[in-house]
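Undergrad: To be precise about what I am sending: the file is called target17.cif and holds mmCIF, C-alpha atoms.
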```cif
data_coords
loop_
_atom_site.label_atom_id
_atom_site.label_comp_id
_atom_site.auth_asym_id
_atom_site.auth_seq_id
_atom_site.Cartn_x
_atom_site.Cartn_y
_atom_site.Cartn_z
CA MET A 1244 18.16 20.62 -3.52
CA SER A 1245 15.34 21.06 -5.99
CA GLU A 1246 12.65 23.75 -5.78
CA THR A 1247 9.27 23.94 -7.46
CA VAL A 1248 9.60 26.12 -10.54
CA ILE A 1249 7.45 27.19 -13.46
CA PRO A 1250 7.87 24.39 -16.02
CA SER A 1251 9.60 25.11 -19.27
CA PRO A 1252 7.63 24.70 -22.50
CA ALA A 1253 9.83 21.67 -23.22
CA ALA A 1254 8.94 20.04 -19.88
CA LEU A 1255 5.24 20.67 -20.51
CA ALA A 1256 5.56 19.14 -23.97
CA ARG A 1257 7.43 16.07 -22.71
CA THR A 1258 4.89 15.45 -19.95
CA ALA A 1259 1.83 16.15 -22.10
CA PRO A 1260 1.19 12.42 -22.84
CA ILE A 1261 1.15 11.73 -19.10
CA PHE A 1262 -1.32 14.54 -18.49
CA ASP A 1263 -3.57 13.21 -21.26
CA ARG A 1264 -4.05 10.05 -19.17
CA LEU A 1265 -4.69 12.05 -16.01
CA ARG A 1266 -6.90 14.91 -17.18
CA HIS A 1267 -9.96 13.05 -15.84
CA VAL A 1268 -8.65 13.34 -12.26
CA ILE A 1269 -6.20 16.29 -12.32
CA PRO A 1270 -7.45 19.72 -13.49
CA GLU A 1271 -5.43 21.24 -16.30
CA PHE A 1272 -4.55 24.32 -14.23
CA GLU A 1273 -2.80 22.08 -11.67
CA TRP A 1274 -0.57 20.28 -14.15
CA PRO A 1275 2.20 22.93 -14.37
CA ALA A 1276 2.82 22.40 -10.64
CA PHE A 1277 3.73 18.77 -11.37
CA ALA A 1278 5.34 18.90 -14.82
CA SER A 1279 8.84 20.10 -13.83
CA ASP A 1280 9.27 17.45 -11.14
CA ILE A 1281 7.91 14.66 -13.35
CA ASP A 1282 10.20 15.68 -16.21
CA ALA A 1283 13.21 15.79 -13.87
CA ILE A 1284 12.37 12.46 -12.23
CA VAL A 1285 12.12 10.72 -15.61
CA GLU A 1286 15.62 11.92 -16.47
CA LEU A 1287 17.01 11.13 -13.00
CA LYS A 1288 15.71 7.57 -13.25
CA ARG A 1289 17.67 7.12 -16.46
CA HIS A 1290 20.77 8.68 -14.94
CA ARG A 1291 20.64 6.63 -11.73
CA ASN A 1292 19.39 3.38 -13.29
CA ALA A 1293 16.46 3.65 -10.91
CA VAL A 1294 12.83 2.57 -10.72
CA VAL A 1295 9.97 3.94 -8.67
CA LEU A 1296 7.65 1.50 -6.91
CA ALA A 1297 4.37 3.16 -5.89
CA HIS A 1298 1.61 1.88 -3.66
CA ASN A 1299 -2.04 2.22 -4.69
CA TYR A 1300 -2.51 4.99 -2.11
CA GLN A 1301 -0.09 7.37 -3.78
CA THR A 1302 -1.56 10.40 -5.53
CA PRO A 1303 -2.22 10.14 -9.30
CA GLU A 1304 0.68 12.37 -10.36
CA ILE A 1305 3.02 9.87 -8.65
CA PHE A 1306 1.11 6.67 -9.37
CA HIS A 1307 0.54 7.37 -13.06
CA GLY A 1308 3.19 10.04 -13.58
CA VAL A 1309 6.53 8.58 -12.46
CA ALA A 1310 5.96 5.05 -11.10
CA ASP A 1311 7.40 2.09 -12.99
CA ILE A 1312 5.70 -0.55 -10.83
CA VAL A 1313 2.43 -0.01 -8.98
CA GLY A 1314 0.18 -2.14 -6.83
CA ASP A 1315 -0.76 -3.26 -3.36
CA SER A 1316 1.75 -4.49 -0.78
CA LEU A 1317 1.71 -8.02 -2.19
CA ALA A 1318 2.27 -6.90 -5.78
CA LEU A 1319 5.09 -4.58 -4.77
CA ALA A 1320 6.74 -7.34 -2.74
CA ARG A 1321 6.54 -9.77 -5.67
CA GLU A 1322 7.70 -7.25 -8.27
CA ALA A 1323 10.56 -6.05 -6.09
CA THR A 1324 12.22 -9.45 -6.59
CA LYS A 1325 12.26 -8.90 -10.38
CA VAL A 1326 13.80 -5.44 -10.49
CA ASP A 1327 16.96 -5.08 -12.60
CA ALA A 1328 17.67 -1.45 -11.71
CA GLU A 1329 20.42 -0.53 -9.28
CA VAL A 1330 18.22 1.86 -7.29
CA ILE A 1331 14.67 1.42 -6.00
CA VAL A 1332 12.69 4.43 -4.82
CA LEU A 1333 9.74 3.31 -2.71
CA ALA A 1334 6.82 5.71 -3.01
CA GLY A 1335 4.97 4.37 -0.02
CA VAL A 1336 5.70 3.97 3.67
CA HIS A 1337 8.76 2.80 5.56
CA PHE A 1338 7.82 -0.85 6.08
CA MET A 1339 7.37 -1.20 2.30
CA ALA A 1340 10.86 0.19 1.71
CA GLU A 1341 12.24 -2.24 4.27
CA THR A 1342 10.49 -5.12 2.48
CA ALA A 1343 12.01 -4.04 -0.82
CA LYS A 1344 15.44 -3.94 0.82
CA LEU A 1345 14.94 -7.38 2.38
CA LEU A 1346 14.23 -8.81 -1.06
CA ASN A 1347 17.00 -6.81 -2.78
CA PRO A 1348 19.85 -6.65 -0.23
CA ALA A 1349 22.45 -5.70 -2.84
CA LYS A 1350 20.44 -2.79 -4.26
CA THR A 1351 20.09 0.75 -3.00
CA VAL A 1352 16.58 1.35 -1.67
CA LEU A 1353 15.47 4.92 -1.01
CA ILE A 1354 12.50 6.18 1.02
CA PRO A 1355 11.77 9.83 0.12
CA ASP A 1356 10.59 10.70 3.65
CA LEU A 1357 11.79 8.88 6.77
CA GLU A 1358 8.66 9.97 8.65
CA ALA A 1359 6.35 8.04 6.31
CA GLY A 1360 5.31 5.45 8.85
CA CYS A 1361 2.23 3.32 9.60
CA SER A 1362 -0.07 3.09 12.61
CA LEU A 1363 -0.10 -0.71 12.29
CA ALA A 1364 3.69 -0.99 12.18
CA ALA A 1365 3.92 1.31 15.20
CA SER A 1366 1.46 -0.79 17.20
CA ILE A 1367 3.71 -3.81 17.82
CA THR A 1368 7.34 -4.63 18.63
CA ALA A 1369 9.56 -7.67 18.39
CA ALA A 1370 9.39 -7.98 22.19
CA ASP A 1371 5.59 -8.19 21.99
CA ILE A 1372 5.86 -11.22 19.71
CA ARG A 1373 8.32 -12.94 22.00
CA LEU A 1374 5.87 -12.54 24.87
CA LEU A 1375 3.02 -13.91 22.74
CA ARG A 1376 5.08 -16.96 21.89
CA GLN A 1377 5.57 -17.60 25.60
CA ARG A 1378 1.84 -17.38 26.17
CA TRP A 1379 0.93 -19.49 23.13
CA PRO A 1380 3.80 -21.98 22.72
CA GLY A 1381 3.91 -23.78 19.40
CA VAL A 1382 1.28 -21.57 17.74
CA PRO A 1383 2.58 -20.18 14.41
CA VAL A 1384 2.93 -16.41 14.11
CA VAL A 1385 1.60 -14.80 10.94
CA THR A 1386 2.68 -11.20 10.63
CA TYR A 1387 1.11 -8.65 8.33
CA VAL A 1388 3.63 -6.93 6.06
CA ASN A 1389 2.58 -3.66 7.69
CA THR A 1390 5.28 -4.21 10.33
CA SER A 1391 8.93 -3.45 10.89
CA ALA A 1392 11.69 -5.79 9.77
CA ALA A 1393 12.40 -6.53 13.45
CA VAL A 1394 8.84 -7.79 13.91
CA LYS A 1395 8.99 -9.84 10.72
CA ALA A 1396 12.19 -11.44 12.00
CA GLU A 1397 10.28 -12.84 15.00
CA SER A 1398 7.56 -14.32 12.77
CA ASP A 1399 7.05 -17.61 10.99
CA ILE A 1400 5.51 -16.15 7.84
CA CYS A 1401 4.19 -12.84 6.57
CA CYS A 1402 0.96 -12.04 4.78
CA THR A 1403 -0.77 -9.14 3.04
CA SER A 1404 -4.45 -8.33 2.84
CA GLY A 1405 -4.35 -9.85 -0.64
CA ASN A 1406 -3.11 -13.29 0.43
CA ALA A 1407 -3.91 -13.50 4.16
CA ARG A 1408 -6.53 -16.21 3.71
CA LYS A 1409 -4.25 -18.36 1.55
CA VAL A 1410 -1.37 -17.94 4.00
CA ILE A 1411 -3.52 -18.96 6.98
CA GLU A 1412 -4.94 -21.95 5.12
CA SER A 1413 -1.47 -23.02 3.93
CA LEU A 1414 -0.42 -23.61 7.54
CA ASN A 1415 -3.15 -26.25 8.01
CA VAL A 1416 -3.41 -25.69 11.76
CA PRO A 1417 -6.44 -24.99 13.98
CA ARG A 1418 -4.98 -21.90 15.65
CA VAL A 1419 -2.61 -19.11 14.61
CA ILE A 1420 -1.37 -15.83 16.03
CA MET A 1421 -2.07 -13.09 13.44
CA LEU A 1422 -0.60 -9.63 14.01
CA PRO A 1423 -1.03 -6.72 14.30
CA ASP A 1424 -4.30 -5.81 12.48
CA GLU A 1425 -7.17 -6.91 14.69
CA TYR A 1426 -9.88 -6.28 12.11
CA LEU A 1427 -8.08 -8.08 9.29
CA ALA A 1428 -7.56 -11.05 11.62
CA GLN A 1429 -11.23 -11.07 12.62
CA ASN A 1430 -12.34 -10.92 8.99
CA ILE A 1431 -10.00 -13.75 8.00
CA ALA A 1432 -11.11 -15.85 10.99
CA ARG A 1433 -14.69 -15.59 9.78
CA GLU A 1434 -13.67 -16.69 6.27
CA THR A 1435 -11.47 -19.61 7.30
CA GLY A 1436 -12.91 -20.93 10.57
CA VAL A 1437 -9.39 -20.93 12.01
CA GLU A 1438 -9.05 -19.72 15.61
CA ILE A 1439 -6.94 -16.57 15.44
CA VAL A 1440 -5.20 -14.91 18.35
CA THR A 1441 -5.33 -11.18 17.56
CA TRP A 1442 -3.56 -8.00 18.51
CA ALA A 1443 -5.27 -4.62 19.03
CA GLY A 1444 -3.59 -2.83 16.13
CA HIS A 1445 -5.66 -0.81 13.66
CA CYS A 1446 -5.14 1.14 10.45
CA GLU A 1447 -5.86 4.79 11.22
CA VAL A 1448 -7.59 5.16 7.85
CA HIS A 1449 -9.79 2.06 7.81
CA GLU A 1450 -10.75 2.03 11.49
CA ARG A 1451 -12.71 5.28 10.97
CA PHE A 1452 -15.25 3.72 8.62
CA THR A 1453 -18.51 2.55 10.20
CA ALA A 1454 -21.48 0.45 9.15
CA THR A 1455 -23.54 3.64 9.40
CA ASP A 1456 -21.28 5.19 6.74
CA ILE A 1457 -21.99 2.32 4.38
CA ARG A 1458 -25.75 2.56 4.88
CA ALA A 1459 -25.54 6.30 4.27
CA PHE A 1460 -23.76 5.70 0.95
CA ARG A 1461 -26.58 3.40 -0.12
CA GLU A 1462 -29.27 5.89 0.91
CA GLN A 1463 -27.59 8.82 -0.84
CA HIS A 1464 -26.60 6.87 -3.96
CA PRO A 1465 -29.21 4.17 -4.74
CA GLY A 1466 -27.71 1.21 -6.57
CA ILE A 1467 -24.12 2.00 -5.57
CA VAL A 1468 -21.68 -0.92 -5.27
CA VAL A 1469 -19.67 -0.88 -2.05
CA LEU A 1470 -16.16 -2.36 -1.98
CA ALA A 1471 -14.39 -2.48 1.38
CA HIS A 1472 -10.82 -3.16 2.46
CA PRO A 1473 -10.46 -6.03 4.97
CA GLU A 1474 -8.64 -3.71 7.39
CA CYS A 1475 -12.08 -2.18 8.02
CA PRO A 1476 -14.07 -3.31 11.08
CA PRO A 1477 -15.99 -6.57 10.51
CA GLU A 1478 -19.35 -4.79 10.66
CA VAL A 1479 -18.23 -2.57 7.75
CA VAL A 1480 -17.12 -5.59 5.72
CA ALA A 1481 -20.48 -7.25 6.45
CA GLU A 1482 -22.29 -4.25 4.95
CA ALA A 1483 -20.19 -4.22 1.77
CA ASP A 1484 -20.88 -5.98 -1.53
CA PHE A 1485 -17.27 -7.12 -1.78
CA ALA A 1486 -14.20 -7.03 0.45
CA GLY A 1487 -10.64 -7.38 -0.71
CA SER A 1488 -7.20 -5.85 -0.99
CA THR A 1489 -6.68 -2.74 -3.06
CA ALA A 1490 -5.62 -4.93 -5.98
CA ALA A 1491 -8.76 -7.04 -5.59
CA MET A 1492 -10.94 -3.94 -5.50
CA ALA A 1493 -9.35 -2.59 -8.67
CA GLY A 1494 -9.82 -6.01 -10.28
CA TYR A 1495 -13.49 -6.05 -9.29
CA VAL A 1496 -14.07 -2.62 -10.86
CA GLY A 1497 -12.36 -3.71 -14.07
CA ALA A 1498 -14.27 -6.96 -14.31
CA LYS A 1499 -17.74 -5.81 -13.21
CA ARG A 1500 -17.72 -2.17 -14.41
CA PRO A 1501 -20.38 -1.00 -11.93
CA PRO A 1502 -21.95 2.32 -13.01
CA ARG A 1503 -21.38 3.79 -9.55
CA VAL A 1504 -18.99 2.51 -6.89
CA VAL A 1505 -17.44 3.51 -3.59
CA LEU A 1506 -14.05 2.16 -2.51
CA VAL A 1507 -14.01 2.08 1.27
CA THR A 1508 -10.30 2.70 1.68
CA GLU A 1509 -7.73 5.50 1.36
CA CYS A 1510 -9.09 8.15 -0.99
CA SER A 1511 -6.27 8.28 -3.57
CA MET A 1512 -7.20 4.72 -4.52
CA SER A 1513 -10.38 5.99 -6.20
CA ASP A 1514 -8.46 8.63 -8.17
CA ASN A 1515 -5.97 6.07 -9.46
CA VAL A 1516 -8.60 3.54 -10.52
CA ALA A 1517 -10.75 6.28 -12.06
CA VAL A 1518 -7.93 7.08 -14.50
CA GLN A 1519 -8.51 3.67 -16.09
CA TYR A 1520 -12.32 3.81 -15.97
CA PRO A 1521 -13.46 7.40 -16.58
CA GLU A 1522 -16.98 6.22 -17.43
CA ILE A 1523 -17.55 4.95 -13.87
CA ASP A 1524 -18.89 7.30 -11.19
CA PHE A 1525 -16.62 6.99 -8.13
CA VAL A 1526 -18.10 8.24 -4.88
CA ARG A 1527 -15.08 9.27 -2.82
CA PRO A 1528 -15.02 8.95 0.97
CA CYS A 1529 -11.89 11.01 1.52
CA ASN A 1530 -10.07 9.36 4.41
CA LEU A 1531 -6.42 10.25 3.88
CA CYS A 1532 -3.38 8.35 5.10
CA PRO A 1533 -1.12 11.08 6.51
CA HIS A 1534 1.92 8.86 6.11
CA MET A 1535 1.36 8.07 2.43
CA LYS A 1536 0.78 11.76 1.78
CA ARG A 1537 4.25 12.59 3.08
CA ILE A 1538 5.56 11.23 -0.23
CA THR A 1539 5.49 13.90 -2.93
CA LEU A 1540 6.96 14.38 -6.38
CA ALA A 1541 9.40 16.93 -4.97
CA LYS A 1542 10.63 14.45 -2.35
CA ILE A 1543 11.02 11.67 -4.93
CA ARG A 1544 13.04 14.05 -7.08
CA ARG A 1545 15.17 15.08 -4.11
CA ALA A 1546 15.77 11.43 -3.17
CA LEU A 1547 17.13 10.71 -6.65
CA GLU A 1548 19.22 13.89 -6.69
CA THR A 1549 20.82 13.28 -3.28
CA MET A 1550 20.46 9.46 -2.98
CA ARG A 1551 18.71 9.91 0.38
CA HIS A 1552 17.31 8.30 2.47
CA GLN A 1553 18.91 4.88 2.06
CA VAL A 1554 17.22 2.00 3.85
CA THR A 1555 19.50 -0.23 5.92
CA ILE A 1556 18.62 -3.29 8.00
CA ASP A 1557 20.70 -5.00 10.66
CA PRO A 1558 22.01 -8.27 9.13
CA ASP A 1559 20.93 -10.21 12.23
CA VAL A 1560 17.38 -8.98 11.62
CA ALA A 1561 17.44 -9.13 7.83
CA GLY A 1562 18.03 -12.89 7.55
CA PRO A 1563 15.03 -14.15 9.52
CA ALA A 1564 12.83 -11.29 8.29
CA ARG A 1565 13.65 -12.17 4.69
CA ARG A 1566 12.74 -15.80 5.30
CA ALA A 1567 9.32 -14.79 6.64
CA VAL A 1568 8.65 -12.68 3.54
CA GLU A 1569 9.96 -15.35 1.17
CA ARG A 1570 7.73 -17.96 2.78
CA MET A 1571 4.79 -15.68 2.09
CA LEU A 1572 5.81 -15.33 -1.56
CA GLU A 1573 6.02 -19.12 -1.88
CA VAL A 1574 2.30 -19.44 -1.11
CA GLN A 1575 0.50 -19.92 -4.41
CA PRO A 1576 -1.49 -16.81 -5.45
#
```
Is it possible to give me this structure as structure tokens?

TA:
Amino acid sequence: MSETVIPSPAALARTAPIFDRLRHVIPEFEWPAFASDIDAIVELKRHRNAVVLAHNYQTPEIFHGVADIVGDSLALAREATKVDAEVIVLAGVHFMAETAKLLNPAKTVLIPDLEAGCSLAASITAADIRLLRQRWPGVPVVTYVNTSAAVKAESDICCTSGNARKVIESLNVPRVIMLPDEYLAQNIARETGVEIVTWAGHCEVHERFTATDIRAFREQHPGIVVLAHPECPPEVVAEADFAGSTAAMAGYVGAKRPPRVVLVTECSMSDNVAVQYPEIDFVRPCNLCPHMKRITLAKIRRALETMRHQVTIDPDVAGPARRAVERMLEVQP
């Protein structure tokens, strides 16, 4: 089992190009704490024929330091189908690792910490969906990817925050059941005009933002551009200049280059985007996801050293769950 050690001069030299990209968001005095693990992970990936997939909410030393593929849930789901490596390490939360395994059943998928969960995934069960189908017979069930494989298996199609509108519109029906994020469903209902049966699940990061917070940002930072995640309450989205997935927010920053911006989402997102745009002033509302922060460089290294923890899915669940995810991926971006 690996321990944090003072990096060797060779490890510092090998990781120096990575630090050069990150010096805008990671102080130089902190880099030695990361260099040994990054250097070891790079070598372990070669040895294991492994890749690291990292969500946008991972910290910069993971996101820019060791990840091979980065993005939001939709991007990671799409890219997971193209991976040639034998081993996938998912630097994210458990439902993302399950999705990667669904799409790569023959590959080894590792989650560095089994306790990296999600308040949305924990808010609903497969039994809940079966009861909803009894109450709303014939109404299609659209399930957010922030759910367990067992819940996906009870669904007709999955969606992410990046493609939820397109998925809903692709069904061409007047009413859908959309689970479990109540606020995302409400925001999509307003955009599409489709009647959406919701579930009272919330993201423990995004539910804490308020419209008052947004107005305070504008008062304290005149001219600031506010970008909000659609998991935020509808009144927060209404106050924002733009609402979209983490990938859409990053795209907006790259295209518009606002002088000052606030990303109303998990706080590591701002750090990761700021690496690409050091000239932009990012105001950081630091709401942390405790589950994402369970993933560390040391745990990624340990996962590759020990090949733990391997994600497994019951075959009876995997088949229908995979179909729901694949149907989502068939919807044109």

Undergrad: Selection in question (the file shown): the PyMOL selection byres ((chain A and resi 1273-1284) around 12). Which residues does it include, as a PDB file with C-alpha atoms, keeping the file's coordinate frame?

TA:
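Output below, filename out.pdb:
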```
ATOM      1  CA  SER A1245      15.340  21.060  -5.990  1.00  0.00           C
ATOM      2  CA  GLU A1246      12.650  23.750  -5.780  1.00  0.00           C
ATOM      3  CA  THR A1247       9.270  23.940  -7.460  1.00  0.00           C
ATOM      4  CA  VAL A1248       9.600  26.120 -10.540  1.00  0.00           C
ATOM      5  CA  ILE A1249       7.450  27.190 -13.460  1.00  0.00           C
ATOM      6  CA  PRO A1250       7.870  24.390 -16.020  1.00  0.00           C
ATOM      7  CA  SER A1251       9.600  25.110 -19.270  1.00  0.00           C
ATOM      8  CA  PRO A1252       7.630  24.700 -22.500  1.00  0.00           C
ATOM      9  CA  ALA A1253       9.830  21.670 -23.220  1.00  0.00           C
ATOM     10  CA  ALA A1254       8.940  20.040 -19.880  1.00  0.00           C
ATOM     11  CA  LEU A1255       5.240  20.670 -20.510  1.00  0.00           C
ATOM     12  CA  ALA A1256       5.560  19.140 -23.970  1.00  0.00           C
ATOM     13  CA  ARG A1257       7.430  16.070 -22.710  1.00  0.00           C
ATOM     14  CA  THR A1258       4.890  15.450 -19.950  1.00  0.00           C
ATOM     15  CA  ALA A1259       1.830  16.150 -22.100  1.00  0.00           C
ATOM     16  CA  PRO A1260       1.190  12.420 -22.840  1.00  0.00           C
ATOM     17  CA  ILE A1261       1.150  11.730 -19.100  1.00  0.00           C
ATOM     18  CA  PHE A1262      -1.320  14.540 -18.490  1.00  0.00           C
ATOM     19  CA  ASP A1263      -3.570  13.210 -21.260  1.00  0.00           C
ATOM     20  CA  ARG A1264      -4.050  10.050 -19.170  1.00  0.00           C
ATOM     21  CA  LEU A1265      -4.690  12.050 -16.010  1.00  0.00           C
ATOM     22  CA  ARG A1266      -6.900  14.910 -17.180  1.00  0.00           C
ATOM     23  CA  HIS A1267      -9.960  13.050 -15.840  1.00  0.00           C
ATOM     24  CA  VAL A1268      -8.650  13.340 -12.260  1.00  0.00           C
ATOM     25  CA  ILE A1269      -6.200  16.290 -12.320  1.00  0.00           C
ATOM     26  CA  PRO A1270      -7.450  19.720 -13.490  1.00  0.00           C
ATOM     27  CA  GLU A1271      -5.430  21.240 -16.300  1.00  0.00           C
ATOM     28  CA  PHE A1272      -4.550  24.320 -14.230  1.00  0.00           C
ATOM     29  CA  VAL A1285      12.120  10.720 -15.610  1.00  0.00           C
ATOM     30  CA  GLU A1286      15.620  11.920 -16.470  1.00  0.00           C
ATOM     31  CA  LEU A1287      17.010  11.130 -13.000  1.00  0.00           C
ATOM     32  CA  LYS A1288      15.710   7.570 -13.250  1.00  0.00           C
ATOM     33  CA  ARG A1289      17.670   7.120 -16.460  1.00  0.00           C
ATOM     34  CA  HIS A1290      20.770   8.680 -14.940  1.00  0.00           C
ATOM     35  CA  ARG A1291      20.640   6.630 -11.730  1.00  0.00           C
ATOM     36  CA  ASN A1292      19.390   3.380 -13.290  1.00  0.00           C
ATOM     37  CA  ALA A1293      16.460   3.650 -10.910  1.00  0.00           C
ATOM     38  CA  VAL A1294      12.830   2.570 -10.720  1.00  0.00           C
ATOM     39  CA  VAL A1295       9.970   3.940  -8.670  1.00  0.00           C
ATOM     40  CA  THR A1302      -1.560  10.400  -5.530  1.00  0.00           C
ATOM     41  CA  PRO A1303      -2.220  10.140  -9.300  1.00  0.00           C
ATOM     42  CA  GLU A1304       0.680  12.370 -10.360  1.00  0.00           C
ATOM     43  CA  ILE A1305       3.020   9.870  -8.650  1.00  0.00           C
ATOM     44  CA  PHE A1306       1.110   6.670  -9.370  1.00  0.00           C
ATOM     45  CA  HIS A1307       0.540   7.370 -13.060  1.00  0.00           C
ATOM     46  CA  GLY A1308       3.190  10.040 -13.580  1.00  0.00           C
ATOM     47  CA  VAL A1309       6.530   8.580 -12.460  1.00  0.00           C
ATOM     48  CA  ALA A1310       5.960   5.050 -11.100  1.00  0.00           C
ATOM     49  CA  ASP A1311       7.400   2.090 -12.990  1.00  0.00           C
ATOM     50  CA  VAL A1332      12.690   4.430  -4.820  1.00  0.00           C
ATOM     51  CA  THR A1539       5.490  13.900  -2.930  1.00  0.00           C
ATOM     52  CA  LEU A1540       6.960  14.380  -6.380  1.00  0.00           C
ATOM     53  CA  ALA A1541       9.400  16.930  -4.970  1.00  0.00           C
ATOM     54  CA  LYS A1542      10.630  14.450  -2.350  1.00  0.00           C
ATOM     55  CA  ILE A1543      11.020  11.670  -4.930  1.00  0.00           C
ATOM     56  CA  ARG A1544      13.040  14.050  -7.080  1.00  0.00           C
ATOM     57  CA  ARG A1545      15.170  15.080  -4.110  1.00  0.00           C
ATOM     58  CA  ALA A1546      15.770  11.430  -3.170  1.00  0.00           C
ATOM     59  CA  LEU A1547      17.130  10.710  -6.650  1.00  0.00           C
ATOM     60  CA  GLU A1548      19.220  13.890  -6.690  1.00  0.00           C
TER      61      GLU A1548
END
```

Undergrad: Can you list what the PyMOL selection byres ((chain A and resi 1434) around 12) grabs from this structure, as a ChimeraX atom specification?

TA: /A:1407-1409,1411-1412,1427-1433,1435-1439,1473,1477,1480-1481,1486

Undergrad: Might you pull out every residue within 12 Å of range 1512-1522 of chain A, with only C-alpha atoms counted and same-chain residues fewer than 5 positions away left off, and present them as a compact mmCIF listing (two decimals) with C-alpha atoms, in the coordinates of the input?

TA:
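Final output, selection08.txt:
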```txt
# COMPACT_ATOMS: atom_id res chain seq x y z
CA ILE A 1261 1.15 11.73 -19.10
CA PHE A 1262 -1.32 14.54 -18.49
CA ASP A 1263 -3.57 13.21 -21.26
CA ARG A 1264 -4.05 10.05 -19.17
CA LEU A 1265 -4.69 12.05 -16.01
CA ARG A 1266 -6.90 14.91 -17.18
CA HIS A 1267 -9.96 13.05 -15.84
CA VAL A 1268 -8.65 13.34 -12.26
CA ILE A 1269 -6.20 16.29 -12.32
CA ALA A 1297 4.37 3.16 -5.89
CA HIS A 1298 1.61 1.88 -3.66
CA ASN A 1299 -2.04 2.22 -4.69
CA TYR A 1300 -2.51 4.99 -2.11
CA GLN A 1301 -0.09 7.37 -3.78
CA THR A 1302 -1.56 10.40 -5.53
CA PRO A 1303 -2.22 10.14 -9.30
CA GLU A 1304 0.68 12.37 -10.36
CA ILE A 1305 3.02 9.87 -8.65
CA PHE A 1306 1.11 6.67 -9.37
CA HIS A 1307 0.54 7.37 -13.06
CA GLY A 1308 3.19 10.04 -13.58
CA VAL A 1313 2.43 -0.01 -8.98
CA GLY A 1314 0.18 -2.14 -6.83
CA ASP A 1315 -0.76 -3.26 -3.36
CA LEU A 1470 -16.16 -2.36 -1.98
CA ALA A 1471 -14.39 -2.48 1.38
CA HIS A 1472 -10.82 -3.16 2.46
CA SER A 1488 -7.20 -5.85 -0.99
CA THR A 1489 -6.68 -2.74 -3.06
CA ALA A 1490 -5.62 -4.93 -5.98
CA ALA A 1491 -8.76 -7.04 -5.59
CA MET A 1492 -10.94 -3.94 -5.50
CA ALA A 1493 -9.35 -2.59 -8.67
CA GLY A 1494 -9.82 -6.01 -10.28
CA TYR A 1495 -13.49 -6.05 -9.29
CA VAL A 1496 -14.07 -2.62 -10.86
CA GLY A 1497 -12.36 -3.71 -14.07
CA ALA A 1498 -14.27 -6.96 -14.31
CA LYS A 1499 -17.74 -5.81 -13.21
CA ARG A 1500 -17.72 -2.17 -14.41
CA PRO A 1501 -20.38 -1.00 -11.93
CA PRO A 1502 -21.95 2.32 -13.01
CA ARG A 1503 -21.38 3.79 -9.55
CA VAL A 1504 -18.99 2.51 -6.89
CA VAL A 1505 -17.44 3.51 -3.59
CA LEU A 1506 -14.05 2.16 -2.51
CA VAL A 1507 -14.01 2.08 1.27
CA ARG A 1527 -15.08 9.27 -2.82
CA PRO A 1528 -15.02 8.95 0.97
CA CYS A 1529 -11.89 11.01 1.52
CA ASN A 1530 -10.07 9.36 4.41
CA LEU A 1531 -6.42 10.25 3.88
CA CYS A 1532 -3.38 8.35 5.10
CA MET A 1535 1.36 8.07 2.43
```

Undergrad: Work out where the centre of an axis-aligned box around every listed atom of range 1331-1344 of chain A lies and how long its edges are once 5 Å is added on each side; give both in Å to one decimal as JSON.

TA:
```
{"center_x": 10.2, "center_y": 0.3, "center_z": 0.0, "size_x": 20.5, "size_y": 20.8, "size_z": 22.1}
```

Undergrad: For the structure provided, state which residues fall under the PyMOL selection byres ((chain A and resi 1419) around 9), and present them as a ChimeraX atom specification.

TA: /A:1382-1385,1411,1414,1416-1418,1420-1421,1437-1441

Undergrad: How many Å lie between CA of Gly1335 in chain A and CA of Ser1511 in chain A, rounded to one decimal?

TA: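 Separation of CA of Gly1335 in chain A and CA of Ser1511 in chain A: 12.4 Å.
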
Undergrad: Can you tell me, as an MDAnalysis selection string, what residues are no more than 10 Å from range 1340-1348 of chain A when counting only C-alpha atoms, ignoring any on the same chain fewer than 4 positions away?

TA: chainID A and resid 1296 1316 1319:1327 1329:1336 1352:1355 1388:1392 1395 1553:1556 1558 1560:1566 1568:1569

Undergrad: Please indicate the distance in Å from CA of Thr1508 in chain A to CA of Ala1459 in chain A, rounded to one decimal place.

TA: 15.9 Å

Undergrad: How many Å separate CA of Asp1557 in chain A from CA of Ala1364 in chain A?

TA: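 If I compute the distance from CA of Asp1557 in chain A to CA of Ala1364 in chain A, I get 17.5 Å.
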